[in-house]
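A.B. asks: One structure is given below, represented as structure tokens, and several questions about it will come after.
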4 protein chains.
Amino acid sequence: MNKYKAWKGRFKKDTSPLMEEFNSSIKFDKRLYREDIEGSIAYADALKAAKIINQKERNLIIKGLKEILKEFEYGKFVISQSDEDIHMAVERRLIKKIGDTGKKLHTGRSRNDQVVTDTRLFLKKSIRKILSEITLLQKNIIKISEREIATIIPGYTHLQQAQPVLLSHYFMSFFWGLRRDKNRLKNCLTRTDILPLGSGALAGTTFEIDRKLLAKLLKFSTISENSIDAVSDRDFIIEFLSACGIIMTHLSRYAEDLIIWSSSEFDYIEIDDAFATGSSMLPQKKNPDSLELIRGKSARVFGNLITMMTAVKGLPLTYGKDLQEDKEPLFDTIDTVSLCIKIFVGVINTMKINHTKIKYNDYILATDLSDYLVKKGMPFRKSHEVVGKIIRYADKQRISLSEIPIEKYKTFSKTFEENIYNVIDIKKSIEAKKTLGSTSTRSVKKQITTAKKLLSLKNTGT
Amino acid sequence: MNKYKAWKGRFKKDTSPLMEEFNSSIKFDKRLYREDIEGSIAYADALKAAKIINQKERNLIIKGLKEILKEFEYGKFVISQSDEDIHMAVERRLIKKIGDTGKKLHTGRSRNDQVVTDTRLFLKKSIRKILSEITLLQKNIIKISEREIATIIPGYTHLQQAQPVLLSHYFMSFFWGLRRDKNRLKNCLTRTDILPLGSGALAGTTFEIDRKLLAKLLKFSTISENSIDAVSDRDFIIEFLSACGIIMTHLSRYAEDLIIWSSSEFDYIEIDDAFATGSSMLPQKKNPDSLELIRGKSARVFGNLITMMTAVKGLPLTYGKDLQEDKEPLFDTIDTVSLCIKIFVGVINTMKINHTKIKYNDYILATDLSDYLVKKGMPFRKSHEVVGKIIRYADKQRISLSEIPIEKYKTFSKTFEENIYNVIDIKKSIEAKKTLGSTSTRSVKKQITTAKKLLSLKNTGT
Amino acid sequence: MNKYKAWKGRFKKDTSPLMEEFNSSIKFDKRLYREDIEGSIAYADALKAAKIINQKERNLIIKGLKEILKEFEYGKFVISQSDEDIHMAVERRLIKKIGDTGKKLHTGRSRNDQVVTDTRLFLKKSIRKILSEITLLQKNIIKISEREIATIIPGYTHLQQAQPVLLSHYFMSFFWGLRRDKNRLKNCLTRTDILPLGSGALAGTTFEIDRKLLAKLLKFSTISENSIDAVSDRDFIIEFLSACGIIMTHLSRYAEDLIIWSSSEFDYIEIDDAFATGSSMLPQKKNPDSLELIRGKSARVFGNLITMMTAVKGLPLTYGKDLQEDKEPLFDTIDTVSLCIKIFVGVINTMKINHTKIKYNDYILATDLSDYLVKKGMPFRKSHEVVGKIIRYADKQRISLSEIPIEKYKTFSKTFEENIYNVIDIKKSIEAKKTLGSTSTRSVKKQITTAKKLLSLKNTGT
Amino acid sequence: MNKYKAWKGRFKKDTSPLMEEFNSSIKFDKRLYREDIEGSIAYADALKAAKIINQKERNLIIKGLKEILKEFEYGKFVISQSDEDIHMAVERRLIKKIGDTGKKLHTGRSRNDQVVTDTRLFLKKSIRKILSEITLLQKNIIKISEREIATIIPGYTHLQQAQPVLLSHYFMSFFWGLRRDKNRLKNCLTRTDILPLGSGALAGTTFEIDRKLLAKLLKFSTISENSIDAVSDRDFIIEFLSACGIIMTHLSRYAEDLIIWSSSEFDYIEIDDAFATGSSMLPQKKNPDSLELIRGKSARVFGNLITMMTAVKGLPLTYGKDLQEDKEPLFDTIDTVSLCIKIFVGVINTMKINHTKIKYNDYILATDLSDYLVKKGMPFRKSHEVVGKIIRYADKQRISLSEIPIEKYKTFSKTFEENIYNVIDIKKSIEAKKTLGSTSTRSVKKQITTAKKLLSLKNTGT
């Protein structure tokens, strides 16, 4: 039993090698090395303030920890087979480096409060990183929306052409969803930014650890109010995974649209070579793999969420080893979401919009016809029915609305007059929209202006 | 084709009866009748303000709608087999009641913006209801925590006795989790409290519908910024389901503890007859069904979340009929969470705590022994090992820590002195905890005081 | 305490009304009334065989049960507010009808073995029903495949036109997936067809209940081997939900294709009026709601699966009240899958295929060009590159493969000869496929023949 | 553009580095190297049989592939940054090794049929491996059941003592669940054991690839019937993940029981040092981490299942890049399930059963009392009530059933006689069980005999 196992005093026998493999988390939690060392440096200061160690010991510990940090950063830290986790690996190395003084570092501390402190430190950084990536995506959406302010596409419901909308209106709809995504992340950040350190295993500690000092050193806004709650809950992780799941539903839906639009039948856009791939067998293929992977990867974020909820739900209080399962879904989600956002930016920034290929049947203006009748006094539900019959007629005749002669219109309703043809106009249909948030150019420009203000971008008067 | 189908003008053939059954949502969305009618009343005002209808028509419509509301409330509204959904049912009835004027109500409106308006109205009420139920639970937790301030239990990690804690400390840990749950719901409420009405099918409308007026009438804090986003996203529902999922992980974990505590082996508590049930076969059984159902029902909330995420994720923009699937998981989650909270209140309010049955081995004080050595200068990691060996020895001898003679202690470390027996004391162990948020009586009382302030309860100086 | 609570002897106080509502399952498990009564009739026979009741008592009980069955079937059974579940409701009514003899029926039986017997009986019927519905769908697929044997569509990968395939080949791909779905259900049926009755609460019973007789009377193929396993596991339900989840992935994917095909941009099919619906606002719309609901409803089956897995996973052995949560996801899944299949049959049976609208760019024949070069000795990977360059050229020139003059072809590779134009032929591309299971007409006809044999349909020599 | 991209002919621009990282699957699919090379070796034979390559070319290719296999096995294969996936990595290396002949290997093949062939080969091996691991677990269960045939424990429902059962009966209940798990895996194996190779990208190929030969060489029992189905479905993976999810529910539930049993309050078992770990802070702790991780890891298998279902569900036919997401959840599930089973074997093989600590209140015999009355002619429901009242009385008096004097018994029912005390006997209660599958020693021995037969173990006449 010459392996470093900090907790082995009580044990007679060695851990089974199979169990060691099963139990070990070092292969994934080593990613927390920076946060673990930052936390320990602050903890050394708190131990010094509590007079558990003296200034010299404090300096020795911090010097040792900083050297270990460098070892990690230069890829020189050697993980030992018996290192259960990042905490024990760092402690083992510290004791090796500085001797018995290293054995004082864990005074009044438990891995239970240590690991969740590390995780919160890591997640705070990750949330901020994702927030800035979303902002980048939003900026690109604004850029495209400004550029394409004159582009009209058919708006779809049920994948059927419904009413004409500005392409910019379509893109700006994504902007607002992303804004809520950011607010969700910010709310989650508030609940992540709580220091658990000093909670010990579950009950607090008998040493005078100044938790407010720790919070200050580690830049936490507040400290946890209850030591049991501090070590046993992972709700902030579930909340984060859920916020990411929603981000992925957004990315996936817009990805799906772009995939459909890049089919040769729609042909509205062409994905750039830089974000497409080919086929090993079919030489002509250019596939929107980037978008398909975004669509597909949303599934793994959902899976991660379910993993985390199920794991947390399944255990009684307080800490259980089940909680070790929190890190892989967390890390995988952070990486997935971050990469998907960046890929999406790349795709929309480079894709070509085939303006001349965007096509619509003028049936898409049926509502304008109906509104025309309403404005002349017909109750809406009746006008809807009248226009429905006109569409049925036109569809049968295989003609467009503008091809129906006025005489024919009058057979459907006496209310129709020559000026009906003015209404059958895509551009006019767009601009006729009067409500706030609608697709009229004026409304979309207003959205863009607001959006730029929200991102503190200069408004260039689009 | 004499059924009321508002959209039938364009169709030659009837809907298949099977399809009618499949498509119909009236069986569950009738629950939105009140919100649907409220929304329509406000919409009538907006139509009047936009001069689409006159004062008389507005009055007629509103009078009709109010009568229909009463029909619903007195259980007198007769749903027709062909009513697809609550919106069409109300419109059909209105036209039946007041004739052609009723046909004007849907002017510039689509079921797309109508249904999500109804849902948001309903969810706003539901969130507020759940918030107040959680507050009730919190109040009861405080009450118990005040009452049981002198009760000590073994705190568990890994379901092994770890360190003694106050029962109040344990209960207060739940308080703080619930506080975060409420904050999550409040954040979600902000994102629910956005008016989509006036967005039409997806593009806005050509009528001068004053959306800010609508927001004021329907008490929405703000209006949606983009009509496509307004009708196509359901992120606020996913967020709500996720917040509820987290609530359920909390309820489930504490329920699990109480189930374990009510086993005859633990016997810490006895569930009251009012919240227990018996066995059809085994006459002696008193089962904690209430708590088991809470534990089990957390699963359905997770399932509802997955249902909603998967449904939303799977469809391109903007509106697709898939979104009709949002209501059942939403309603079921609201009902489940609400009932589970109320049951939990009932259980903890009536359960008996078997103070004399709570038992612990004094090994639970091992950390106090170790801290004793540290305070005399031994590095923690070494003291941990020494105490580990003492435990191994005591365990083998089947004796308690207080039964080990001082001479024996000294064989483990010269540092031990007679006063070691002062440390082996459950009560002292509790009070020796120094950190903020720890389990000492002082700290727990402080938690309770803070908690009461947060709920604006009078502090009675516990 | 005058309510009928079979287990109330041990209890002093009444159940709380809230708890009664929470605990009660009668609102959904009443659906098992037939199975519950069938099970009890068989059980009465077993009690008689074990001499616990005599022939007269047996007759009285069975007569009573049959009357209760009729009450249910004629909608005359009145559920009492205090009926916890279907088992207690039937027992209460039986005792009311026939007096003390009714009190003997539950001898040696527990609701634990009773409820899982009922559920297995119900699920066996349901699996058989779904199997026959899938067969109906398969028959319709064969019918369409035979009818459309000459229809060519572009086969898609990544939603990009990849290679031409027969529409029949496309439809037959669904057939084989459904065949595996049926086999999964049949495998699940084997594991459902196991009688648990006679296992008591968990330990068996001291009465001589002949379980093999029960199995025979209730038409179970075998009996459970272990009473603890019998009452506590629900793996057969999880397996069923999972098999249904897979069915739904199949339905959802084909529904998604048909939705895309019914867009005006693709326009390959037109959903019949009988399975489409209109818009409340947009008069021209005909929406494929039927297919969208199938796509959306797959989500709820996934949710049901997660609900069930999480609920079962979360409880220790043996029976826990959590298991009451099994019924709603089970019933909902059965109903959903059954209805979705029937709707899908309706949709494909009535939809119109717009043969003249199916269009493809001849780039879809690129692989045929490449194969042409390979057959003349060029290594495939090289031919792939050559053809890739040809496509790039043609794409830039906006011409089709057949429009490239032979001289130009030769600049890409000397290997090209005049007969290259023979290869650029959709029909020939199809028939050139040589492998088993490929899209050539011969191969697809063979598939149809095999499929008909599997369904025992007469082969009409297509 | 000097990187090896087999599909680059059609492309003008390079893939973005970010996209390359996003798109690449080599980091996880390299695990399929053996299956990929096996598949290619067989494919070379098929190309030779189809006369696409000659004997010399075939030999050259196979020699090259075998060398590459060795490179992988000796850790010498160098993955290039531009290797998208294992298929392209192997092809690149082959061409590097043997030149233009290597460019012929992919003739008539697509990565679409190649990757699913590799995956099926890999999964077939993995299923067989897990099957044998489950068998090992079953053997250990039998061993323990034979050893502990005389050990009685309280059987629990609702975590309340219900009726006494043999510990062997408890363990054997797991045996039967595992048996169904194996059957599920075997059923899944049948549906995995289908060769897709030769299906090309989606339509088959124009070369005379003998798919039956391929199946024979690669030891597949049958070939896929439809090329579209072959490349686009992943139902066999979902089915596998689901079967594994069920295995994990089983493992998790028994792990949960053992965790509870190893609490000091129950103290029925002691986990061996080899499968327990200690605490970094609390010296006395011995934690059942092994079992907690099994419980926790079930969550990730559920997550993997949801990931896979959602990914597959979300894409139209045929192949989409989303399907690349199938491998990580598959590999992770295989590893998790395999390791959890092995750990479980280790835990139960080494744990100590504290026979003397198993304790029960004799209320657990209440059903025996009730059965006593029934056998004397009282209707069961009445006897249940009588015994319920006796329990209520005893509970209030804090006495056991055997401490109630006969005079008192008679006040509850005249039917009681002196011999009632014979019934209040744990051992007799066990042996009085009469039904097949019950907990009587005879019945449990019979189970063990049957179980051994099923595993072809010698029966030693326990």
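All residue names refer to the structure tokens as shown: chains lettered A, B, ... in order, residues numbered from 1 in each chain, ligands numbered from 1 in order.
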Find the spatial neighbours of Lys5 in chain C, counting only C-alpha atoms, within a cut-off of 8 Å - ignore same-chain residues fewer than 2 positions away - and output them as an NGL selection string.
C.D. replies: :C and (3 or 7-8 or 82-83 or 88)
A.B. asks: Can you tell me which residues surround Lys321 in chain B at a distance of at most 10 Å, considering only C-alpha atoms, apart from same-chain residues fewer than 4 positions away, and format the answer as a list in words?
C.D. replies: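 Residues near the query, excluding close chain neighbours: Thr157 and His158 of chain A; Asn23, Asn112, Leu315 and Glu325 of chain B; Asn287, Pro288, Asp289, Ser290, Leu291, Glu292, Leu293, Ile294, Arg295 and Gly296 of chain C.
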A.B. asks: How about saving the chosen residues, C-alpha atoms kept, as a compact mmCIF listing (two decimals), in the first residue's frame?
C.D. replies:
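So the final result, stored in out-v2.txt, reads:
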# COMPACT_ATOMS: atom_id res chain seq x y z
CA THR A 157 -45.73 27.91 -41.59
CA HIS A 158 -46.05 24.13 -41.76
CA ASN B 23 -55.92 16.86 -34.98
CA ASN B 112 -50.71 31.22 -34.11
CA LEU B 315 -39.35 21.49 -36.58
CA GLU B 325 -47.93 19.11 -28.35
CA ASN C 287 -51.15 22.29 -44.11
CA PRO C 288 -49.88 18.74 -43.59
CA ASP C 289 -50.92 18.81 -39.92
CA SER C 290 -51.38 15.05 -39.88
CA LEU C 291 -47.71 14.49 -40.63
CA GLU C 292 -46.53 17.27 -38.37
CA LEU C 293 -48.43 15.77 -35.49
CA ILE C 294 -46.83 12.40 -36.12
CA ARG C 295 -43.46 14.11 -36.07
CA GLY C 296 -44.37 16.01 -32.92
A.B. asks: Within 6 Å of chain D, which residues of chain A are there when counting only C-alpha atoms? Please give them as a PyMOL selection string.
C.D. replies: chain A and resi 7+13-16+19+110+273-275+278-281+289+292-293+296+299-300+303-304+306-307+310-311+321-322
A.B. asks: Among range 61-203 of chain C, which residues carry a DSSP assignment of strand (DSSP E), reported as a ChimeraX atom specification?
C.D. replies: /C:152-157,160-166,194-195
A.B. asks: Write the residues of the selection above to a file with C-alpha atoms, as a PDB file, in the first residue's frame.
C.D. replies:
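What ended up in out01.pdb:
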ATOM      1  CA  ILE C 152     -38.299   7.670 -60.280  1.00  0.00           C
ATOM      2  CA  ILE C 153     -37.330  10.189 -57.635  1.00  0.00           C
ATOM      3  CA  PRO C 154     -34.026  11.711 -56.672  1.00  0.00           C
ATOM      4  CA  GLY C 155     -32.648   9.828 -53.705  1.00  0.00           C
ATOM      5  CA  TYR C 156     -31.319  12.236 -51.100  1.00  0.00           C
ATOM      6  CA  THR C 157     -28.434  12.175 -48.731  1.00  0.00           C
ATOM      7  CA  GLN C 160     -29.048  16.893 -51.466  1.00  0.00           C
ATOM      8  CA  GLN C 161     -29.935  14.952 -54.575  1.00  0.00           C
ATOM      9  CA  ALA C 162     -27.613  11.972 -54.529  1.00  0.00           C
ATOM     10  CA  GLN C 163     -28.674   9.267 -56.976  1.00  0.00           C
ATOM     11  CA  PRO C 164     -31.942   8.425 -58.691  1.00  0.00           C
ATOM     12  CA  VAL C 165     -34.014   5.736 -57.010  1.00  0.00           C
ATOM     13  CA  LEU C 166     -37.392   4.196 -57.577  1.00  0.00           C
ATOM     14  CA  ILE C 194     -45.490 -14.209 -18.150  1.00  0.00           C
ATOM     15  CA  LEU C 195     -47.979 -14.625 -15.330  1.00  0.00           C
TER      16      LEU C 195
END
A.B. asks: List every residue of range 166-319 of chain C that DSSP, applied to the backbone of this structure, assigns to helix (DSSP H, G or I), and report them as an MDAnalysis selection string.
C.D. replies: chainID C and resid 167:192 211:217 227:232 235:261 273:275 289:313
A.B. asks: Interatomic distance between CA of Lys396 in chain D and CA of Leu365 in chain D?
C.D. replies: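 Separation between CA of Lys396 in chain D and CA of Leu365 in chain D: 17.4 Å.
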A.B. asks: Give me the residues near Lys104 in chain C as JSON, numbers by chain, where near means some atom within 6 Å (using only C-alpha atoms) and where sequence neighbours in that chain fewer than 3 positions away do not count.
C.D. replies: {"C": [101, 107], "D": [379, 380]}
A.B. asks: Between CA of Thr119 in chain D and CA of Lys327 in chain D, what is the distance in Å, rounded to a tenth?
C.D. replies: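 The value is 8.1 Å.
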A.B. asks: I'd like the interatomic distance between CA of Glu431 in chain A and CA of Gln55 in chain B, to a tenth of an Å.
C.D. replies: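 That distance, rounded to one decimal, is 28.7 Å.
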A.B. asks: Name the residues in contact with Leu65 in chain D at a cut-off of 7 Å, using only C-alpha atoms, excluding same-chain residues fewer than 4 positions from it; report them as a ChimeraX atom specification.
C.D. replies: /D:37,61,69,94
A.B. asks: Write out as a list in words the residues lying within 9 Å of Asp371 in chain D, counting only C-alpha atoms and excluding same-chain residues fewer than 4 positions away.
C.D. replies: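 So the residues in contact are Thr107, Gly108, Thr206 and Phe207 of chain C; Ala366, Thr367, Lys375, Lys376, Phe380, Ser383 and His384 of chain D.
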A.B. asks: Applying 8 Å and only C-alpha atoms, which residues near Asp210 in chain D remain after dropping the ones on its own chain fewer than 4 positions away? List them as a ChimeraX atom specification.
C.D. replies: /C:435 /D:46,49-50,198,214
A.B. asks: Restricted to all heavy atoms, what would the selected residues look like written as a PDB file, in the first residue's frame?
C.D. replies:
ATOM      1  N   THR C 435     -26.395  -4.804 -57.351  1.00  0.00           N
ATOM      2  CA  THR C 435     -26.336  -5.512 -56.072  1.00  0.00           C
ATOM      3  C   THR C 435     -27.714  -5.878 -55.523  1.00  0.00           C
ATOM      4  O   THR C 435     -28.707  -5.215 -55.810  1.00  0.00           O
ATOM      5  CB  THR C 435     -25.612  -4.638 -55.021  1.00  0.00           C
ATOM      6  OG1 THR C 435     -26.021  -3.284 -55.205  1.00  0.00           O
ATOM      7  CG2 THR C 435     -24.112  -4.726 -55.178  1.00  0.00           C
TER       8      THR C 435
ATOM      9  N   ALA D  46     -14.248  -9.209 -52.547  1.00  0.00           N
ATOM     10  CA  ALA D  46     -15.456  -9.038 -53.367  1.00  0.00           C
ATOM     11  C   ALA D  46     -15.132  -8.295 -54.665  1.00  0.00           C
ATOM     12  O   ALA D  46     -15.702  -8.602 -55.719  1.00  0.00           O
ATOM     13  CB  ALA D  46     -16.527  -8.293 -52.572  1.00  0.00           C
ATOM     14  N   ALA D  49     -13.608 -10.853 -56.874  1.00  0.00           N
ATOM     15  CA  ALA D  49     -14.633 -11.755 -57.405  1.00  0.00           C
ATOM     16  C   ALA D  49     -15.446 -11.071 -58.501  1.00  0.00           C
ATOM     17  O   ALA D  49     -15.897 -11.708 -59.451  1.00  0.00           O
ATOM     18  CB  ALA D  49     -15.549 -12.225 -56.275  1.00  0.00           C
ATOM     19  N   ALA D  50     -15.599  -9.751 -58.384  1.00  0.00           N
ATOM     20  CA  ALA D  50     -16.363  -8.992 -59.382  1.00  0.00           C
ATOM     21  C   ALA D  50     -15.471  -8.556 -60.542  1.00  0.00           C
ATOM     22  O   ALA D  50     -15.914  -7.821 -61.435  1.00  0.00           O
ATOM     23  CB  ALA D  50     -16.999  -7.765 -58.728  1.00  0.00           C
ATOM     24  N   GLY D 198     -22.303  -3.068 -49.545  1.00  0.00           N
ATOM     25  CA  GLY D 198     -22.793  -3.300 -50.892  1.00  0.00           C
ATOM     26  C   GLY D 198     -24.002  -2.441 -51.208  1.00  0.00           C
ATOM     27  O   GLY D 198     -24.572  -2.526 -52.287  1.00  0.00           O
ATOM     28  N   LEU D 214     -19.690 -11.361 -49.226  1.00  0.00           N
ATOM     29  CA  LEU D 214     -19.250 -10.448 -48.166  1.00  0.00           C
ATOM     30  C   LEU D 214     -19.780 -10.895 -46.803  1.00  0.00           C
ATOM     31  O   LEU D 214     -19.055 -10.902 -45.799  1.00  0.00           O
ATOM     32  CB  LEU D 214     -19.726  -9.023 -48.449  1.00  0.00           C
ATOM     33  CG  LEU D 214     -18.945  -8.235 -49.495  1.00  0.00           C
ATOM     34  CD1 LEU D 214     -19.673  -6.940 -49.830  1.00  0.00           C
ATOM     35  CD2 LEU D 214     -17.525  -7.932 -49.013  1.00  0.00           C
TER      36      LEU D 214
END
A.B. asks: Give me, as number ranges by chain, all polymer residues having an atom no more than 12 Å from Ser168 in chain D, counting only C-alpha atoms and skipping those fewer than 2 positions away in the same chain.
C.D. replies: C: 226, 228; D: 140-153, 155, 164-166, 170-175, 438-448
